[in-house]
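Just work-v6.pdb here, PDB, C-alpha atoms, pLDDT in the B column:
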```pdb
ATOM      1  CA  MET A 283     242.148  11.512 143.166  1.00 45.00           C
ATOM      2  CA  LEU A 284     240.463   9.820 146.119  1.00 47.00           C
ATOM      3  CA  LYS A 285     237.633  11.878 147.568  1.00 48.00           C
ATOM      4  CA  GLU A 286     235.811   9.297 149.695  1.00 51.00           C
ATOM      5  CA  PRO A 287     236.297   9.203 153.488  1.00 57.00           C
ATOM      6  CA  ILE A 288     239.275   7.154 154.593  1.00 69.00           C
ATOM      7  CA  SER A 289     239.970   5.555 157.958  1.00 82.00           C
ATOM      8  CA  SER A 290     243.145   6.306 159.877  1.00 88.00           C
ATOM      9  CA  LYS A 291     243.907   2.566 159.820  1.00 91.00           C
ATOM     10  CA  ASP A 292     243.806   2.563 156.003  1.00 92.00           C
ATOM     11  CA  LEU A 293     245.912   5.721 155.846  1.00 95.00           C
ATOM     12  CA  ILE A 294     248.539   4.296 158.206  1.00 95.00           C
ATOM     13  CA  LYS A 295     248.743   1.161 156.065  1.00 95.00           C
ATOM     14  CA  TYR A 296     249.191   3.363 152.977  1.00 96.00           C
ATOM     15  CA  ILE A 297     251.942   5.396 154.728  1.00 97.00           C
ATOM     16  CA  HIS A 298     253.835   2.226 155.615  1.00 97.00           C
ATOM     17  CA  ASN A 299     253.470   0.953 152.047  1.00 97.00           C
ATOM     18  CA  LEU A 300     255.053   4.191 150.768  1.00 97.00           C
ATOM     19  CA  MET A 301     257.881   3.825 153.313  1.00 97.00           C
ATOM     20  CA  GLU A 302     258.485   0.233 152.232  1.00 97.00           C
ATOM     21  CA  LYS A 303     258.438   1.225 148.563  1.00 97.00           C
ATOM     22  CA  GLY A 304     261.069   3.878 149.336  1.00 96.00           C
ATOM     23  CA  LYS A 305     263.266   1.376 151.181  1.00 96.00           C
ATOM     24  CA  LYS A 306     263.154  -0.949 148.172  1.00 97.00           C
ATOM     25  CA  SER A 307     263.977   1.832 145.722  1.00 95.00           C
ATOM     26  CA  ARG A 308     267.352   2.659 144.221  1.00 95.00           C
ATOM     27  CA  ILE A 309     268.062   5.172 147.011  1.00 92.00           C
ATOM     28  CA  LYS A 310     267.033   2.675 149.748  1.00 96.00           C
ATOM     29  CA  GLY A 311     265.078   5.216 151.781  1.00 95.00           C
ATOM     30  CA  TRP A 312     262.012   7.402 151.953  1.00 96.00           C
ATOM     31  CA  SER A 313     261.422  11.107 152.347  1.00 96.00           C
ATOM     32  CA  MET A 314     258.703  12.518 154.572  1.00 96.00           C
ATOM     33  CA  ASN A 315     258.303  15.312 152.039  1.00 97.00           C
ATOM     34  CA  ASP A 316     257.609  12.810 149.237  1.00 97.00           C
ATOM     35  CA  ILE A 317     255.116  10.901 151.390  1.00 98.00           C
ATOM     36  CA  LEU A 318     253.345  14.113 152.442  1.00 98.00           C
ATOM     37  CA  LYS A 319     253.086  15.253 148.810  1.00 98.00           C
ATOM     38  CA  ASP A 320     251.689  11.893 147.711  1.00 97.00           C
ATOM     39  CA  VAL A 321     249.099  11.838 150.525  1.00 96.00           C
ATOM     40  CA  ASN A 322     248.118  15.491 149.966  1.00 96.00           C
ATOM     41  CA  ASP A 323     247.717  14.985 146.206  1.00 95.00           C
ATOM     42  CA  GLY A 324     245.594  11.874 146.617  1.00 91.00           C
ATOM     43  CA  TRP A 325     243.723  12.343 149.878  1.00 91.00           C
ATOM     44  CA  GLY A 326     243.796  16.033 150.706  1.00 92.00           C
ATOM     45  CA  TYR A 327     245.266  18.351 153.297  1.00 93.00           C
ATOM     46  CA  GLY A 328     243.576  16.734 156.308  1.00 92.00           C
ATOM     47  CA  ALA A 329     245.185  13.394 155.519  1.00 94.00           C
ATOM     48  CA  ARG A 330     248.493  15.164 154.917  1.00 95.00           C
ATOM     49  CA  ASP A 331     248.302  16.779 158.365  1.00 94.00           C
ATOM     50  CA  PHE A 332     247.502  13.421 159.972  1.00 94.00           C
ATOM     51  CA  THR A 333     250.419  11.819 158.099  1.00 95.00           C
ATOM     52  CA  TYR A 334     252.870  14.493 159.280  1.00 95.00           C
ATOM     53  CA  LYS A 335     251.837  14.024 162.912  1.00 93.00           C
ATOM     54  CA  TYR A 336     251.836  10.235 162.591  1.00 94.00           C
ATOM     55  CA  ILE A 337     255.346  10.036 161.125  1.00 96.00           C
ATOM     56  CA  LYS A 338     256.781  12.620 163.524  1.00 95.00           C
ATOM     57  CA  GLU A 339     255.166  11.524 166.776  1.00 93.00           C
ATOM     58  CA  ASP A 340     254.227   7.859 166.408  1.00 93.00           C
ATOM     59  CA  TYR A 341     256.796   6.546 163.937  1.00 94.00           C
ATOM     60  CA  CYS A 342     259.819   8.657 164.914  1.00 93.00           C
ATOM     61  CA  GLY A 343     258.826   9.342 168.530  1.00 92.00           C
ATOM     62  CA  ILE A 344     259.399  13.103 168.368  1.00 92.00           C
ATOM     63  CA  LYS A 345     257.080  14.860 170.816  1.00 87.00           C
ATOM     64  CA  GLU A 346     256.501  18.601 171.145  1.00 78.00           C
ATOM     65  CA  ASN A 347     257.500  20.218 174.423  1.00 73.00           C
ATOM     66  CA  SER A 348     254.430  21.651 176.119  1.00 56.00           C
TER
END
```
Would you mind writing the file's structure down as C-alpha coordinates?
Amino acid sequence: MLKEPISSKDLIKYIHNLMEKGKKSRIKGWSMNDILKDVNDGWGYGARDFTYKYIKEDYCGIKENS
(Lines of atoms letter the chains of each structure in order from A and count residues from 1; the text may use other names and numbers.)
(Lines give C-alpha, C1' and ligand atoms only; values in the text may rest on other atoms or scores of the structure.)
Protein backbone atom coordinates (compact mmCIF):
# COMPACT_ATOMS: atom_id res chain seq x y z
CA MET A 1 0.00 0.00 0.00
CA LEU A 2 1.40 3.38 -1.02
CA LYS A 3 1.71 5.78 1.89
CA GLU A 4 4.02 8.45 0.45
CA PRO A 5 2.61 11.78 -0.80
CA ILE A 6 1.43 11.68 -4.39
CA SER A 7 0.94 14.55 -6.82
CA SER A 8 -2.39 15.12 -8.54
CA LYS A 9 -0.56 14.80 -11.88
CA ASP A 10 0.64 11.30 -10.93
CA LEU A 11 -2.82 10.35 -9.67
CA ILE A 12 -4.51 11.55 -12.86
CA LYS A 13 -2.05 9.50 -14.92
CA TYR A 14 -2.84 6.46 -12.74
CA ILE A 15 -6.62 7.04 -13.18
CA HIS A 16 -6.25 7.16 -16.96
CA ASN A 17 -4.13 4.00 -16.90
CA LEU A 18 -6.92 2.20 -15.00
CA MET A 19 -9.48 3.49 -17.54
CA GLU A 20 -7.34 2.28 -20.43
CA LYS A 21 -6.84 -1.10 -18.77
CA GLY A 22 -10.63 -1.39 -18.42
CA LYS A 23 -11.18 -0.50 -22.08
CA LYS A 24 -8.75 -3.24 -23.12
CA SER A 25 -10.36 -5.83 -20.87
CA ARG A 26 -12.87 -8.49 -21.84
CA ILE A 27 -15.78 -6.19 -20.96
CA LYS A 28 -14.28 -3.25 -22.94
CA GLY A 29 -15.08 -0.65 -20.30
CA TRP A 30 -14.30 0.66 -16.85
CA SER A 31 -16.32 1.23 -13.72
CA MET A 32 -15.91 4.31 -11.55
CA ASN A 33 -16.63 2.11 -8.55
CA ASP A 34 -13.73 -0.22 -9.44
CA ILE A 35 -11.37 2.73 -9.97
CA LEU A 36 -12.43 4.36 -6.69
CA LYS A 37 -11.89 1.08 -4.80
CA ASP A 38 -8.44 0.61 -6.34
CA VAL A 39 -7.38 4.19 -5.53
CA ASN A 40 -8.81 4.03 -1.98
CA ASP A 41 -7.09 0.70 -1.26
CA GLY A 42 -3.73 1.89 -2.54
CA TRP A 43 -3.64 5.62 -1.85
CA GLY A 44 -6.26 6.34 0.79
CA TYR A 45 -9.54 8.18 1.12
CA GLY A 46 -8.20 11.61 0.15
CA ALA A 47 -7.02 10.29 -3.20
CA ARG A 48 -10.34 8.47 -3.62
CA ASP A 49 -12.23 11.73 -3.06
CA PHE A 50 -10.02 13.54 -5.58
CA THR A 51 -10.56 10.71 -8.09
CA TYR A 52 -14.35 10.87 -7.71
CA LYS A 53 -14.39 14.62 -8.33
CA TYR A 54 -11.91 14.34 -11.20
CA ILE A 55 -13.87 11.66 -13.06
CA LYS A 56 -17.24 13.33 -12.45
CA GLU A 57 -16.35 16.95 -13.12
CA ASP A 58 -13.26 16.98 -15.33
CA TYR A 59 -13.55 13.73 -17.28
CA CYS A 60 -17.34 13.49 -17.63
CA GLY A 61 -18.13 17.21 -17.36
CA ILE A 62 -20.86 16.83 -14.73
CA LYS A 63 -21.02 19.96 -12.59
CA GLU A 64 -23.05 20.47 -9.42
CA ASN A 65 -25.76 23.12 -9.51
CA SER A 66 -24.95 25.84 -7.00
Quick one: everything within 8 Å of A:Met301, counting all atoms listed in the file, minus sequence neighbours fewer than 3 positions away in the same chain. Send it as a CSV table (one decimal) with C-alpha atoms, in the coordinates of the input.
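out39.csv, freshly written:
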```csv
chain,number,residue,atom,x,y,z
A,297,ILE,CA,251.9,5.4,154.7
A,298,HIS,CA,253.8,2.2,155.6
A,304,GLY,CA,261.1,3.9,149.3
A,305,LYS,CA,263.3,1.4,151.2
A,311,GLY,CA,265.1,5.2,151.8
A,312,TRP,CA,262.0,7.4,152.0
A,317,ILE,CA,255.1,10.9,151.4
```
So, with all atoms listed in the file as the atoms that count, which of A:Ser307, A:Lys295, A:Glu302, A:Gly324 lies closest to A:Tyr336?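 Ranking A:Ser307, A:Lys295, A:Glu302, A:Gly324 by distance to A:Tyr336, first place goes to A:Lys295.
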Quick check, in Å to one decimal: how far apart do atom CA of A:Lys306 and atom CA of A:Tyr327 lie?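 Interatomic distance here is 26.8 Å.
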Contacts of A:Asp331 at 12 Å (all atoms listed in the file; same-chain gap of 3+ positions) as a tab-separated table (two decimals) with C-alpha atoms, in the frame of the given file:
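Ended up saving to around.tsv:
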```tsv
chain	number	residue	atom	x	y	z
A	290	SER	CA	243.14	6.31	159.88
A	293	LEU	CA	245.91	5.72	155.85
A	314	MET	CA	258.70	12.52	154.57
A	315	ASN	CA	258.30	15.31	152.04
A	317	ILE	CA	255.12	10.90	151.39
A	318	LEU	CA	253.34	14.11	152.44
A	319	LYS	CA	253.09	15.25	148.81
A	321	VAL	CA	249.10	11.84	150.52
A	322	ASN	CA	248.12	15.49	149.97
A	325	TRP	CA	243.72	12.34	149.88
A	326	GLY	CA	243.80	16.03	150.71
A	327	TYR	CA	245.27	18.35	153.30
A	328	GLY	CA	243.58	16.73	156.31
A	334	TYR	CA	252.87	14.49	159.28
A	335	LYS	CA	251.84	14.02	162.91
A	336	TYR	CA	251.84	10.24	162.59
A	337	ILE	CA	255.35	10.04	161.12
A	338	LYS	CA	256.78	12.62	163.52
```
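Atom CA of A:Tyr296 sits 10.0 Å away from atom CA of A:Thr333.
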Counting all atoms listed in the file, the option among A:Ser289, A:Ile309, A:Glu346, A:Asp316 closest to A:Ala329: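 Selected residue with least distance to A:Ala329: A:Ser289.
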Pairwise distance, atom CA of A:Ile344 with atom CA of A:Phe332, equals 14.6 Å
As a PDB file, in the frame of the given file, the rebuilt stretch 292-321 of chain A with N, CA and C atoms:
```pdb
ATOM      1  N   ASP A 292     243.469   2.692 157.423  1.00 92.00           N
ATOM      2  CA  ASP A 292     243.806   2.563 156.003  1.00 92.00           C
ATOM      3  C   ASP A 292     244.929   3.526 155.618  1.00 92.00           C
ATOM      4  N   LEU A 293     244.882   4.732 156.148  1.00 95.00           N
ATOM      5  CA  LEU A 293     245.912   5.721 155.846  1.00 95.00           C
ATOM      6  C   LEU A 293     247.260   5.288 156.403  1.00 95.00           C
ATOM      7  N   ILE A 294     247.284   4.771 157.616  1.00 95.00           N
ATOM      8  CA  ILE A 294     248.539   4.296 158.206  1.00 95.00           C
ATOM      9  C   ILE A 294     249.118   3.154 157.380  1.00 95.00           C
ATOM     10  N   LYS A 295     248.278   2.254 156.922  1.00 95.00           N
ATOM     11  CA  LYS A 295     248.743   1.161 156.065  1.00 95.00           C
ATOM     12  C   LYS A 295     249.354   1.732 154.780  1.00 95.00           C
ATOM     13  N   TYR A 296     248.692   2.723 154.196  1.00 96.00           N
ATOM     14  CA  TYR A 296     249.191   3.363 152.977  1.00 96.00           C
ATOM     15  C   TYR A 296     250.544   4.047 153.224  1.00 96.00           C
ATOM     16  N   ILE A 297     250.678   4.735 154.364  1.00 97.00           N
ATOM     17  CA  ILE A 297     251.942   5.396 154.728  1.00 97.00           C
ATOM     18  C   ILE A 297     253.061   4.363 154.808  1.00 97.00           C
ATOM     19  N   HIS A 298     252.805   3.262 155.476  1.00 97.00           N
ATOM     20  CA  HIS A 298     253.835   2.226 155.615  1.00 97.00           C
ATOM     21  C   HIS A 298     254.174   1.581 154.269  1.00 97.00           C
ATOM     22  N   ASN A 299     253.186   1.463 153.395  1.00 97.00           N
ATOM     23  CA  ASN A 299     253.470   0.953 152.047  1.00 97.00           C
ATOM     24  C   ASN A 299     254.394   1.899 151.290  1.00 97.00           C
ATOM     25  N   LEU A 300     254.164   3.220 151.419  1.00 97.00           N
ATOM     26  CA  LEU A 300     255.053   4.191 150.768  1.00 97.00           C
ATOM     27  C   LEU A 300     256.461   4.126 151.354  1.00 97.00           C
ATOM     28  N   MET A 301     256.564   3.949 152.673  1.00 97.00           N
ATOM     29  CA  MET A 301     257.881   3.825 153.313  1.00 97.00           C
ATOM     30  C   MET A 301     258.606   2.581 152.795  1.00 97.00           C
ATOM     31  N   GLU A 302     257.889   1.479 152.707  1.00 97.00           N
ATOM     32  CA  GLU A 302     258.485   0.233 152.232  1.00 97.00           C
ATOM     33  C   GLU A 302     258.914   0.353 150.775  1.00 97.00           C
ATOM     34  N   LYS A 303     258.092   0.999 149.965  1.00 97.00           N
ATOM     35  CA  LYS A 303     258.438   1.225 148.563  1.00 97.00           C
ATOM     36  C   LYS A 303     259.727   2.052 148.465  1.00 97.00           C
ATOM     37  N   GLY A 304     259.853   3.070 149.312  1.00 96.00           N
ATOM     38  CA  GLY A 304     261.069   3.878 149.336  1.00 96.00           C
ATOM     39  C   GLY A 304     262.295   3.076 149.734  1.00 96.00           C
ATOM     40  N   LYS A 305     262.148   2.203 150.724  1.00 96.00           N
ATOM     41  CA  LYS A 305     263.266   1.376 151.181  1.00 96.00           C
ATOM     42  C   LYS A 305     263.737   0.401 150.108  1.00 96.00           C
ATOM     43  N   LYS A 306     262.815  -0.003 149.242  1.00 97.00           N
ATOM     44  CA  LYS A 306     263.154  -0.949 148.172  1.00 97.00           C
ATOM     45  C   LYS A 306     263.622  -0.246 146.901  1.00 97.00           C
ATOM     46  N   SER A 307     263.581   1.069 146.904  1.00 95.00           N
ATOM     47  CA  SER A 307     263.977   1.832 145.722  1.00 95.00           C
ATOM     48  C   SER A 307     265.491   1.886 145.575  1.00 95.00           C
ATOM     49  N   ARG A 308     265.922   2.501 144.500  1.00 95.00           N
ATOM     50  CA  ARG A 308     267.352   2.659 144.221  1.00 95.00           C
ATOM     51  C   ARG A 308     268.068   3.408 145.341  1.00 95.00           C
ATOM     52  N   ILE A 309     267.399   4.391 145.964  1.00 92.00           N
ATOM     53  CA  ILE A 309     268.062   5.172 147.011  1.00 92.00           C
ATOM     54  C   ILE A 309     267.970   4.517 148.393  1.00 92.00           C
ATOM     55  N   LYS A 310     267.162   3.456 148.516  1.00 96.00           N
ATOM     56  CA  LYS A 310     267.033   2.675 149.748  1.00 96.00           C
ATOM     57  C   LYS A 310     266.575   3.512 150.937  1.00 96.00           C
ATOM     58  N   GLY A 311     265.618   4.392 150.701  1.00 95.00           N
ATOM     59  CA  GLY A 311     265.078   5.216 151.781  1.00 95.00           C
ATOM     60  C   GLY A 311     263.832   5.954 151.325  1.00 95.00           C
ATOM     61  N   TRP A 312     263.205   6.637 152.266  1.00 96.00           N
ATOM     62  CA  TRP A 312     262.012   7.402 151.953  1.00 96.00           C
ATOM     63  C   TRP A 312     262.163   8.808 152.503  1.00 96.00           C
ATOM     64  N   SER A 313     261.408   9.706 151.944  1.00 96.00           N
ATOM     65  CA  SER A 313     261.422  11.107 152.347  1.00 96.00           C
ATOM     66  C   SER A 313     260.033  11.470 152.872  1.00 96.00           C
ATOM     67  N   MET A 314     259.989  12.088 154.052  1.00 96.00           N
ATOM     68  CA  MET A 314     258.703  12.518 154.572  1.00 96.00           C
ATOM     69  C   MET A 314     258.055  13.487 153.599  1.00 96.00           C
ATOM     70  N   ASN A 315     258.841  14.350 152.990  1.00 97.00           N
ATOM     71  CA  ASN A 315     258.303  15.312 152.039  1.00 97.00           C
ATOM     72  C   ASN A 315     257.606  14.608 150.868  1.00 97.00           C
ATOM     73  N   ASP A 316     258.216  13.558 150.342  1.00 97.00           N
ATOM     74  CA  ASP A 316     257.609  12.810 149.237  1.00 97.00           C
ATOM     75  C   ASP A 316     256.314  12.130 149.682  1.00 97.00           C
ATOM     76  N   ILE A 317     256.318  11.555 150.870  1.00 98.00           N
ATOM     77  CA  ILE A 317     255.116  10.901 151.390  1.00 98.00           C
ATOM     78  C   ILE A 317     254.008  11.924 151.614  1.00 98.00           C
ATOM     79  N   LEU A 318     254.349  13.072 152.197  1.00 98.00           N
ATOM     80  CA  LEU A 318     253.345  14.113 152.442  1.00 98.00           C
ATOM     81  C   LEU A 318     252.746  14.622 151.129  1.00 98.00           C
ATOM     82  N   LYS A 319     253.585  14.794 150.110  1.00 98.00           N
ATOM     83  CA  LYS A 319     253.086  15.253 148.810  1.00 98.00           C
ATOM     84  C   LYS A 319     252.141  14.219 148.209  1.00 98.00           C
ATOM     85  N   ASP A 320     252.522  12.960 148.260  1.00 97.00           N
ATOM     86  CA  ASP A 320     251.689  11.893 147.711  1.00 97.00           C
ATOM     87  C   ASP A 320     250.329  11.844 148.421  1.00 97.00           C
ATOM     88  N   VAL A 321     250.338  11.888 149.746  1.00 96.00           N
ATOM     89  CA  VAL A 321     249.099  11.838 150.525  1.00 96.00           C
ATOM     90  C   VAL A 321     248.249  13.076 150.249  1.00 96.00           C
TER      91      VAL A 321
END
```
